[in-house]
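Everything below belongs to my_file-v9.pdb, which stores PDB, C-alpha atoms.
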```pdb
MODEL        1
ATOM      1  CA  MET A  41       0.000   0.000   0.000
ATOM      2  CA  THR A  42       1.528   3.236  -1.058
ATOM      3  CA  SER A  43       1.611   6.195   1.307
ATOM      4  CA  ARG A  44      -0.693   9.008   0.483
ATOM      5  CA  GLN A  45       1.035  12.108  -0.860
ATOM      6  CA  PHE A  46       0.067  15.405   0.721
ATOM      7  CA  PRO A  47       0.887  18.782  -0.787
ATOM      8  CA  ARG A  48       3.728  20.550   0.977
ATOM      9  CA  ARG A  49       2.480  23.146   3.427
ATOM     10  CA  GLN A  50       3.357  26.684   2.404
ATOM     11  CA  GLU A  51       4.999  28.578   5.213
ATOM     12  CA  PRO A  52       3.962  32.241   5.553
ATOM     13  CA  ARG A  53       6.537  34.581   4.069
ATOM     14  CA  GLN A  54       8.506  36.312   6.772
ATOM     15  CA  GLU A  55       9.665  39.859   6.112
ATOM     16  CA  LYS A  56      13.434  40.024   6.018
ATOM     17  CA  PRO A  57      14.974  42.343   8.641
ATOM     18  CA  ALA A  58      16.767  44.364   5.963
ATOM     19  CA  GLU A  59      13.402  45.137   4.335
ATOM     20  CA  LEU A  60      11.949  46.798   7.408
ATOM     21  CA  PRO A  61      11.536  50.592   7.171
ATOM     22  CA  PRO A  62      13.546  52.860   9.485
ATOM     23  CA  THR A  63      10.423  53.544  11.547
ATOM     24  CA  ALA A  64      10.168  49.870  12.473
ATOM     25  CA  TRP A  65      13.793  49.747  13.615
ATOM     26  CA  ALA A  66      13.325  52.965  15.588
ATOM     27  CA  VAL A  67      10.292  51.562  17.424
ATOM     28  CA  LEU A  68      12.082  48.268  18.060
ATOM     29  CA  GLY A  69      15.066  50.270  19.303
ATOM     30  CA  LEU A  70      12.839  52.063  21.798
ATOM     31  CA  LEU A  71      11.682  48.667  23.041
ATOM     32  CA  SER A  72      15.267  47.452  23.435
ATOM     33  CA  PHE A  73      15.698  49.412  26.674
ATOM     34  CA  PRO A  74      14.649  47.676  29.928
ATOM     35  CA  GLY A  75      10.980  47.513  30.813
ATOM     36  CA  GLU A  76       7.625  47.271  29.078
ATOM     37  CA  ARG A  77       6.058  50.306  27.434
ATOM     38  CA  THR A  78       2.733  51.334  25.970
ATOM     39  CA  GLY A  79       2.522  52.977  22.561
ATOM     40  CA  TYR A  80       2.018  56.287  24.347
ATOM     41  CA  ASP A  81       5.160  55.677  26.419
ATOM     42  CA  LEU A  82       7.124  55.011  23.223
ATOM     43  CA  LYS A  83       5.858  58.255  21.705
ATOM     44  CA  LYS A  84       6.988  60.235  24.768
ATOM     45  CA  TRP A  85      10.378  58.475  24.710
ATOM     46  CA  ALA A  86      10.788  59.276  21.008
ATOM     47  CA  ASP A  87       9.898  62.934  21.601
ATOM     48  CA  ALA A  88      12.469  63.081  24.417
ATOM     49  CA  SER A  89      15.307  61.456  22.479
ATOM     50  CA  LEU A  90      14.947  60.408  18.835
ATOM     51  CA  ARG A  91      13.603  63.705  17.567
ATOM     52  CA  PHE A  92      16.776  65.548  18.529
ATOM     53  CA  PHE A  93      18.938  63.664  16.027
ATOM     54  CA  TYR A  94      16.606  61.676  13.751
ATOM     55  CA  TRP A  95      12.841  62.216  13.900
ATOM     56  CA  SER A  96       9.872  61.270  16.035
ATOM     57  CA  PRO A  97       7.284  58.944  14.469
ATOM     58  CA  ALA A  98       3.609  59.795  14.827
ATOM     59  CA  ILE A  99       1.606  57.767  17.332
ATOM     60  CA  SER A 100      -0.247  56.101  14.429
ATOM     61  CA  GLN A 101       3.097  55.024  12.945
ATOM     62  CA  ILE A 102       4.206  53.614  16.285
ATOM     63  CA  TYR A 103       1.119  51.425  16.643
ATOM     64  CA  ALA A 104       1.354  50.281  13.015
ATOM     65  CA  GLU A 105       4.968  49.234  13.549
ATOM     66  CA  LEU A 106       4.152  47.522  16.851
ATOM     67  CA  ARG A 107       1.612  45.364  15.018
ATOM     68  CA  ARG A 108       4.188  44.555  12.344
ATOM     69  CA  LEU A 109       6.846  43.714  14.927
ATOM     70  CA  GLU A 110       4.462  41.418  16.786
ATOM     71  CA  THR A 111       3.609  39.622  13.534
ATOM     72  CA  LEU A 112       7.312  39.049  12.901
ATOM     73  CA  GLY A 113       7.866  37.783  16.428
ATOM     74  CA  TYR A 114      10.161  40.704  17.262
ATOM     75  CA  ALA A 115       7.854  42.106  19.952
ATOM     76  CA  THR A 116       5.243  40.787  22.329
ATOM     77  CA  SER A 117       2.450  42.507  24.224
ATOM     78  CA  ARG A 118       0.122  41.975  27.153
ATOM     79  CA  ARG A 119      -2.964  43.782  28.332
ATOM     80  CA  SER A 120      -3.063  45.128  31.875
ATOM     81  CA  GLY A 121      -5.316  43.536  34.440
ATOM     82  CA  PRO A 122      -8.290  44.828  36.447
ATOM     83  CA  GLU A 123      -5.971  46.548  38.929
ATOM     84  CA  GLU A 124      -5.698  49.455  36.469
ATOM     85  CA  ALA A 125      -8.721  51.662  35.944
ATOM     86  CA  ARG A 126      -8.002  51.876  32.220
ATOM     87  CA  ALA A 127      -6.735  48.830  30.357
ATOM     88  CA  LYS A 128      -3.410  49.342  28.607
ATOM     89  CA  ARG A 129      -1.395  47.188  26.247
ATOM     90  CA  ARG A 130       2.301  47.074  27.052
ATOM     91  CA  TYR A 131       4.968  45.936  24.631
ATOM     92  CA  ALA A 132       8.381  44.350  25.065
ATOM     93  CA  ILE A 133      11.119  43.186  22.711
ATOM     94  CA  THR A 134      11.680  39.444  22.197
ATOM     95  CA  GLU A 135      15.028  37.682  21.909
ATOM     96  CA  ALA A 136      14.431  37.315  18.164
ATOM     97  CA  GLY A 137      13.745  41.038  17.977
ATOM     98  CA  ARG A 138      16.874  41.906  19.937
ATOM     99  CA  THR A 139      18.984  39.702  17.649
ATOM    100  CA  ALA A 140      17.486  41.223  14.492
ATOM    101  CA  LEU A 141      17.989  44.741  15.856
ATOM    102  CA  ALA A 142      21.608  44.025  16.780
ATOM    103  CA  ASP A 143      22.247  42.616  13.290
ATOM    104  CA  TRP A 144      20.693  45.679  11.671
ATOM    105  CA  ALA A 145      22.631  48.090  13.916
ATOM    106  CA  ALA A 146      25.884  46.311  13.036
ATOM    107  CA  GLU A 147      25.418  46.683   9.267
ATOM    108  CA  GLY A 148      28.429  48.253   7.568
ATOM    109  CA  ASP A 149      26.895  51.293   5.876
ATOM    110  CA  ALA A 150      24.507  53.461   7.863
ATOM    111  CA  GLY A 151      23.665  55.435   4.719
ATOM    112  CA  PRO A 152      24.201  59.077   3.798
ATOM    113  CA  VAL A 153      23.025  61.950   5.951
ATOM    114  CA  VAL A 154      19.973  63.576   4.357
ATOM    115  CA  LEU A 155      19.812  67.314   4.983
ATOM    116  CA  LYS A 156      16.663  69.252   4.147
ATOM    117  CA  HIS A 157      17.017  72.747   5.570
ATOM    118  CA  PRO A 158      13.873  74.842   4.936
ATOM    119  CA  LEU A 159      15.567  78.090   5.943
ATOM    120  CA  VAL A 160      18.535  77.601   3.608
ATOM    121  CA  LEU A 161      16.110  76.815   0.767
ATOM    122  CA  ARG A 162      14.493  80.204   1.355
ATOM    123  CA  ILE A 163      17.896  81.897   1.444
ATOM    124  CA  TRP A 164      18.609  80.254  -1.913
ATOM    125  CA  LEU A 165      15.420  81.907  -3.188
ATOM    126  CA  GLY A 166      16.296  85.174  -1.515
ATOM    127  CA  HIS A 167      16.179  87.109  -4.797
ATOM    128  CA  LEU A 168      12.376  86.742  -4.581
ATOM    129  CA  ALA A 169      12.060  87.972  -0.986
ATOM    130  CA  ALA A 170      12.225  91.329   0.732
ATOM    131  CA  PRO A 171      15.609  91.668   2.500
ATOM    132  CA  ASP A 172      14.016  92.583   5.840
ATOM    133  CA  ARG A 173      11.698  89.557   5.731
ATOM    134  CA  LEU A 174      14.572  87.251   4.840
ATOM    135  CA  ARG A 175      16.619  88.538   7.747
ATOM    136  CA  ALA A 176      13.626  88.128  10.063
ATOM    137  CA  ARG A 177      13.343  84.476   9.030
ATOM    138  CA  VAL A 178      16.930  83.863  10.122
ATOM    139  CA  GLU A 179      16.304  85.584  13.449
ATOM    140  CA  GLU A 180      13.191  83.432  13.962
ATOM    141  CA  HIS A 181      15.285  80.345  13.238
ATOM    142  CA  LEU A 182      17.836  81.452  15.816
ATOM    143  CA  ALA A 183      15.095  81.818  18.431
ATOM    144  CA  HIS A 184      13.645  78.368  17.647
ATOM    145  CA  THR A 185      17.107  76.793  17.782
ATOM    146  CA  ARG A 186      17.815  78.292  21.195
ATOM    147  CA  VAL A 187      14.560  76.786  22.489
ATOM    148  CA  ALA A 188      15.462  73.410  20.942
ATOM    149  CA  LEU A 189      18.922  73.564  22.517
ATOM    150  CA  LYS A 190      17.356  74.051  25.942
ATOM    151  CA  GLU A 191      15.104  71.040  25.325
ATOM    152  CA  VAL A 192      18.115  68.911  24.384
ATOM    153  CA  ARG A 193      19.929  69.976  27.532
ATOM    154  CA  ASP A 194      16.836  69.196  29.620
ATOM    155  CA  ALA A 195      16.724  65.717  28.041
ATOM    156  CA  LEU A 196      20.427  65.296  28.753
ATOM    157  CA  ALA A 197      19.887  66.157  32.408
ATOM    158  CA  ARG A 198      17.271  63.404  32.684
ATOM    159  CA  THR A 199      19.800  60.796  31.523
ATOM    160  CA  GLU A 200      22.399  61.604  34.160
ATOM    161  CA  GLY A 201      22.990  58.746  36.563
ATOM    162  CA  VAL A 202      20.949  56.236  34.509
ATOM    163  CA  THR A 203      23.328  53.500  33.365
ATOM    164  CA  ASP A 204      20.891  52.097  30.784
ATOM    165  CA  TRP A 205      20.890  55.491  29.023
ATOM    166  CA  ASN A 206      24.658  55.838  28.534
ATOM    167  CA  HIS A 207      24.451  55.565  24.751
ATOM    168  CA  PRO A 208      21.362  57.791  24.419
ATOM    169  CA  ARG A 209      23.286  60.335  26.504
ATOM    170  CA  ILE A 210      26.145  60.278  23.972
ATOM    171  CA  ALA A 211      23.629  60.761  21.137
ATOM    172  CA  LEU A 212      22.066  63.700  22.972
ATOM    173  CA  ARG A 213      25.479  65.266  23.515
ATOM    174  CA  TRP A 214      25.986  65.064  19.755
ATOM    175  CA  SER A 215      22.631  66.780  19.324
ATOM    176  CA  GLU A 216      23.666  69.520  21.755
ATOM    177  CA  ARG A 217      26.794  70.177  19.704
ATOM    178  CA  GLN A 218      24.742  70.116  16.496
ATOM    179  CA  HIS A 219      22.369  72.774  17.833
ATOM    180  CA  LEU A 220      25.310  74.917  18.938
ATOM    181  CA  ALA A 221      26.747  74.591  15.430
ATOM    182  CA  GLU A 222      23.340  75.505  13.963
ATOM    183  CA  LEU A 223      23.350  78.707  16.017
ATOM    184  CA  GLU A 224      26.809  79.548  14.709
ATOM    185  CA  LEU A 225      25.764  78.860  11.112
ATOM    186  CA  ALA A 226      22.630  81.000  11.453
ATOM    187  CA  GLU A 227      24.669  83.873  12.876
ATOM    188  CA  ALA A 228      26.972  83.528   9.855
ATOM    189  CA  LEU A 229      23.911  83.690   7.577
ATOM    190  CA  LEU A 230      22.927  86.998   9.166
ATOM    191  CA  ALA A 231      26.441  88.325   8.674
ATOM    192  CA  ASP A 232      26.394  87.274   5.010
ATOM    193  CA  LEU A 233      23.030  88.953   4.449
ATOM    194  CA  ASP A 234      24.222  92.152   6.137
ATOM    195  CA  ARG A 235      27.415  92.137   4.073
ATOM    196  CA  MET A 236      25.453  91.715   0.861
ATOM    197  CA  ALA A 237      23.089  94.540   1.830
ATOM    198  CA  GLN A 238      26.043  96.844   2.513
ATOM    199  CA  GLU A 239      27.636  95.990  -0.812
ATOM    200  CA  ARG A 240      24.388  96.723  -2.640
ATOM    201  CA  GLN A 241      23.966 100.010  -0.789
ATOM    202  CA  GLY A 242      27.546 100.958  -1.615
ATOM    203  CA  ALA A 243      26.984 100.188  -5.291
ATOM    204  CA  ALA A 244      23.771 102.252  -5.277
ATOM    205  CA  ASP A 245      25.514 105.234  -3.606
ATOM    206  CA  ALA A 246      28.520 105.157  -5.910
ATOM    207  CA  PRO A 247      28.563 108.070  -8.343
ATOM    208  CA  THR A 248      27.930 107.170 -11.944
ATOM    209  CA  GLY A 249      30.215 108.419 -14.673
ATOM    210  CA  GLY A 250      28.986 111.423 -16.656
TER     211      GLY A 250
ENDMDL
END
```
Go ahead and render the structure in this file as structure tokens.
Amino acid sequence: MTSRQFPRRQEPRQEKPAELPPTAWAVLGLLSFPGERTGYDLKKWADASLRFFYWSPAISQIYAELRRLETLGYATSRRSGPEEARAKRRYAITEAGRTALADWAAEGDAGPVVLKHPLVLRIWLGHLAAPDRLRARVEEHLAHTRVALKEVRDALARTEGVTDWNHPRIALRWSERQHLAELELAEALLADLDRMAQERQGAADAPTGG
């Protein structure tokens, strides 16, 4: 009697780690620190760290990536019990997730830095703007950067004495230096604009040949 042949079972296609978008790795990275966190916790953590040197995903992006990570087996979740007035779902990284994240973080090429500076784009189009308005934009940027620098330093202060945040602290120190450099560059922009205005005024005041 011959054995019955069954069709081979098709395994579900697993998404390769290298195919995950940066948002997924960022969310998994937030989970790699000790403890369980809700999606709201992850959003607050991103706003207090990631946004200073990368970007902060929207809360909808965070939950979408958490669902993806759970499907891949990189994260797990549990719902809180009746001891909490409002039920919450908390997430944690799995060993498979930690391994995948470590492999991704160890990849050779981190990729090029992408710079999109809205203010510099407007300076580039300065021939279409009133000089006073252009200068005011730079001064506004200086004010916003000073506020952002204070926020970075506040975030840095919260990491002091927390061993698990040693590497985030180094990243935030880089961000502090980057904001200081941004202030210096913006001051140089003002100086360049003032110099150009003086040169134009000098050319306008110069006597023309008869």
Find the distance between atom CA of Pro158 of chain A and atom CA of Leu182 of chain A and write it in Å to one decimal.
13.3 Å
Determine the residue membership of the PyMOL selection byres ((chain A and resi 128-143) around 7) for the file above and supply it as a PyMOL selection string.
chain A and resi 57+65+68+71-72+76-78+113-120+126-127+144-147
List, as a PyMOL selection string, every residue that the PyMOL selection byres ((chain A and resi 171) around 12) selects in the file provided.
chain A and resi 162-163+165-170+172-178+230+232-238+240
With only C-alpha atoms as the counted atoms, please give the residues lying no more than 10 Å from Ala195 of chain A, apart from itself and same-chain residues fewer than 3 positions off, as a PyMOL selection string.
chain A and resi 87-89+92+189-192+198-200+208-209+212-213
Leu82 of chain A surroundings by only C-alpha atoms, 8 Å radius, close-in-sequence under 6 positions cut, as a PyMOL selection string:
chain A and resi 67+70-71+102
Counting only C-alpha atoms, which residues have an atom no more than 8 Å from (12.4, 55.9, 14.1) in the file's coordinates? Please list them as a PDB file with C-alpha atoms, in the frame of the given file.
```pdb
ATOM      1  CA  PRO A  62      13.546  52.860   9.485  1.00  0.00           C
ATOM      2  CA  THR A  63      10.423  53.544  11.547  1.00  0.00           C
ATOM      3  CA  ALA A  64      10.168  49.870  12.473  1.00  0.00           C
ATOM      4  CA  TRP A  65      13.793  49.747  13.615  1.00  0.00           C
ATOM      5  CA  ALA A  66      13.325  52.965  15.588  1.00  0.00           C
ATOM      6  CA  VAL A  67      10.292  51.562  17.424  1.00  0.00           C
ATOM      7  CA  ALA A  86      10.788  59.276  21.008  1.00  0.00           C
ATOM      8  CA  LEU A  90      14.947  60.408  18.835  1.00  0.00           C
ATOM      9  CA  TYR A  94      16.606  61.676  13.751  1.00  0.00           C
ATOM     10  CA  TRP A  95      12.841  62.216  13.900  1.00  0.00           C
ATOM     11  CA  SER A  96       9.872  61.270  16.035  1.00  0.00           C
ATOM     12  CA  PRO A  97       7.284  58.944  14.469  1.00  0.00           C
TER      13      PRO A  97
END
```
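The shell of residues at most 9 Å from Tyr103 of chain A, with all atoms listed in the file counted and near chain neighbours (fewer than 5 positions) removed, consists of Gly79, Ala98 and Arg108 of chain A.
Using all atoms listed in the file, the nearest neighbour of Glu216 of chain A within the list A:Pro247, A:Trp85, A:Phe93, A:Val154 is A:Phe93.
Going from atom CA of Phe73 of chain A over to atom CA of Asp149 of chain A, you cover 23.7 Å.
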As JSON: centre and edge lengths in Å, one decimal, of the axis-aligned box holding segment 183-197 of chain A with 6 Å per side:
```
{"center_x": 17.0, "center_y": 73.6, "center_z": 25.0, "size_x": 18.8, "size_y": 28.5, "size_z": 26.8}
```
As a check of understanding: the span from atom CA of Leu220 of chain A to atom CA of Ala150 of chain A is 24.2 Å
